[in-house]
$ cat data39.json   # JSON, C-alpha atoms
[["chain", "number", "residue", "atom", "x", "y", "z"],
["A", 1, "MET", "CA", 266.53, 166.15, 84.87],
["A", 2, "SER", "CA", 264.05, 167.13, 87.56],
["A", 3, "ASP", "CA", 264.25, 165.50, 90.99],
["A", 4, "ARG", "CA", 260.91, 163.76, 90.52],
["A", 5, "ARG", "CA", 261.85, 162.43, 87.12],
["A", 6, "GLN", "CA", 265.16, 161.17, 88.51],
["A", 7, "ARG", "CA", 263.36, 159.40, 91.39],
["A", 8, "ILE", "CA", 260.96, 157.73, 88.95],
["A", 9, "HIS", "CA", 263.85, 156.70, 86.74],
["A", 10, "GLU", "CA", 265.60, 155.11, 89.72],
["A", 11, "LEU", "CA", 262.40, 153.35, 90.79],
["A", 12, "VAL", "CA", 261.92, 151.92, 87.30],
["A", 13, "LEU", "CA", 265.51, 150.65, 87.30],
["A", 14, "ALA", "CA", 265.01, 149.09, 90.75],
["A", 15, "LEU", "CA", 261.81, 147.38, 89.60],
["A", 16, "LEU", "CA", 263.56, 146.12, 86.47],
["A", 17, "ALA", "CA", 266.37, 144.71, 88.60],
["A", 18, "GLN", "CA", 263.79, 142.68, 90.53],
["A", 19, "GLN", "CA", 262.55, 140.97, 87.37],
["A", 20, "SER", "CA", 264.01, 137.51, 86.96],
["A", 21, "ASP", "CA", 262.59, 136.80, 83.52],
["A", 22, "LEU", "CA", 263.01, 140.15, 81.78],
["A", 23, "GLU", "CA", 262.05, 139.92, 78.13],
["A", 24, "LEU", "CA", 263.10, 142.23, 75.34],
["A", 25, "LEU", "CA", 261.12, 143.10, 72.26],
["A", 26, "ASP", "CA", 261.77, 140.91, 69.27],
["A", 27, "GLY", "CA", 263.37, 142.84, 66.47],
["A", 28, "ASP", "CA", 261.97, 143.13, 63.01],
["A", 29, "ALA", "CA", 259.79, 140.13, 62.13],
["A", 30, "THR", "CA", 261.43, 140.06, 58.74],
["A", 31, "GLY", "CA", 264.92, 138.87, 58.09],
["A", 32, "PRO", "CA", 267.02, 139.66, 55.03],
["A", 33, "ALA", "CA", 265.03, 137.11, 53.02],
["A", 34, "GLY", "CA", 261.61, 138.03, 54.37],
["A", 35, "LEU", "CA", 259.78, 136.47, 57.29],
["A", 36, "SER", "CA", 261.77, 133.86, 59.13],
["A", 37, "GLY", "CA", 261.39, 131.59, 62.15],
["A", 38, "PHE", "CA", 258.12, 131.66, 64.08],
["A", 39, "ALA", "CA", 257.20, 135.00, 62.48],
["A", 40, "ALA", "CA", 257.03, 133.24, 59.11],
["A", 41, "ARG", "CA", 254.58, 130.74, 60.59],
["A", 42, "ASP", "CA", 252.49, 133.31, 62.45],
["A", 43, "PRO", "CA", 253.31, 137.05, 62.29],
["A", 44, "GLY", "CA", 250.37, 137.65, 64.64],
["A", 45, "SER", "CA", 252.15, 135.77, 67.42],
["A", 46, "TRP", "CA", 255.21, 138.00, 66.97],
["A", 47, "LEU", "CA", 253.03, 141.10, 67.33],
["A", 48, "GLU", "CA", 251.14, 139.63, 70.29],
["A", 49, "ARG", "CA", 254.36, 138.75, 72.13],
["A", 50, "ASN", "CA", 255.78, 142.24, 71.62],
["A", 51, "ARG", "CA", 252.48, 143.75, 72.78],
["A", 52, "ARG", "CA", 252.66, 141.73, 76.01],
["A", 53, "VAL", "CA", 256.28, 142.79, 76.58],
["A", 54, "VAL", "CA", 255.36, 146.48, 76.10],
["A", 55, "GLN", "CA", 252.41, 146.11, 78.49],
["A", 56, "ARG", "CA", 254.71, 144.62, 81.12],
["A", 57, "TYR", "CA", 257.11, 147.57, 80.84],
["A", 58, "GLN", "CA", 254.17, 149.98, 81.02],
["A", 59, "ALA", "CA", 253.03, 148.25, 84.22],
["A", 60, "LEU", "CA", 256.51, 148.69, 85.71],
["A", 61, "VAL", "CA", 256.48, 152.40, 84.87],
["A", 62, "ARG", "CA", 252.98, 152.82, 86.34],
["A", 63, "SER", "CA", 254.16, 151.03, 89.49],
["A", 64, "ALA", "CA", 257.14, 153.38, 89.76],
["A", 65, "LEU", "CA", 254.86, 156.40, 89.33],
["A", 66, "THR", "CA", 252.51, 155.09, 92.02],
["A", 67, "LEU", "CA", 255.36, 154.38, 94.43],
["A", 68, "ASP", "CA", 256.78, 157.85, 93.86],
["A", 69, "ALA", "CA", 253.39, 159.45, 94.48],
["A", 70, "LEU", "CA", 252.93, 157.45, 97.68],
["A", 71, "VAL", "CA", 256.37, 158.41, 98.98],
["A", 72, "ASP", "CA", 255.71, 162.02, 98.04],
["A", 73, "GLN", "CA", 252.39, 161.91, 99.90],
["A", 74, "GLU", "CA", 253.99, 160.42, 103.01],
["A", 75, "VAL", "CA", 256.86, 162.91, 103.02],
["A", 76, "GLY", "CA", 254.46, 165.79, 102.41],
["A", 77, "SER", "CA", 252.21, 164.79, 105.31],
["A", 78, "ASP", "CA", 255.04, 165.10, 107.85]]
$ encode --input "data39.json" --output "structure tokens"
Amino acid sequence: MSDRRQRIHELVLALLAQQSDLELLDGDATGPAGLSGFAARDPGSWLERNRRVVQRYQALVRSALTLDALVDQEVGSD
């Protein structure tokens, strides 16, 4: 793994550690007997929730990339 990729990986892990209410994606909306739980009532809400969770993770990765670029810029300007 490249040094930069390793730094970004560590930054993402550090940002994840700071999250107090970390959510995980819901698994398959269907159970063994078809839709179950809230997905049976509204599959759109299941998709919307998972979309929000993915967007939150994407924001964490973008933040790590930005932090890495800023550190790189500061170190390079010395």
$ closest_residue --input "data39.json" --among "A:Leu47, A:Leu60, A:Val54, A:Leu67" --to "Val12 in chain A" --atoms "only C-alpha atoms"
A:Leu60
$ atom_distance --input "data39.json" --atom1 "CA of Trp46 in chain A" --atom2 "CA of Leu24 in chain A"
12.3 Å
$ atom_distance --input "data39.json" --atom1 "CA of Glu48 in chain A" --atom2 "CA of Asp26 in chain A"
10.8 Å
$ atom_distance --input "data39.json" --atom1 "CA of Leu65 in chain A" --atom2 "CA of Ser20 in chain A"
21.1 Å
$ closest_residue --input "data39.json" --among "A:Ser63, A:Asn50, A:Ser45, A:Gly27" --to "Leu13 in chain A" --atoms "all atoms listed in the file"
A:Ser63
$ residues_around --input "data39.json" --residues "Arg52 in chain A" --least-positions-apart "5" --cutoff "10 Å" --atoms "only C-alpha atoms" --output "ChimeraX atom specification"
/A:23,25,47,57-58
$ closest_residue --input "data39.json" --among "A:Val75, A:Leu11, A:Leu22, A:Ala17" --to "Val61 in chain A" --atoms "all atoms listed in the file"
A:Leu11
$ closest_residue --input "data39.json" --among "A:Glu74, A:Asp42, A:Arg62, A:Arg49" --to "Leu15 in chain A" --atoms "all atoms listed in the file"
A:Arg62
$ closest_residue --input "data39.json" --among "A:Val71, A:Ser77, A:Arg56, A:Ala64" --to "His9 in chain A" --atoms "all atoms listed in the file"
A:Ala64
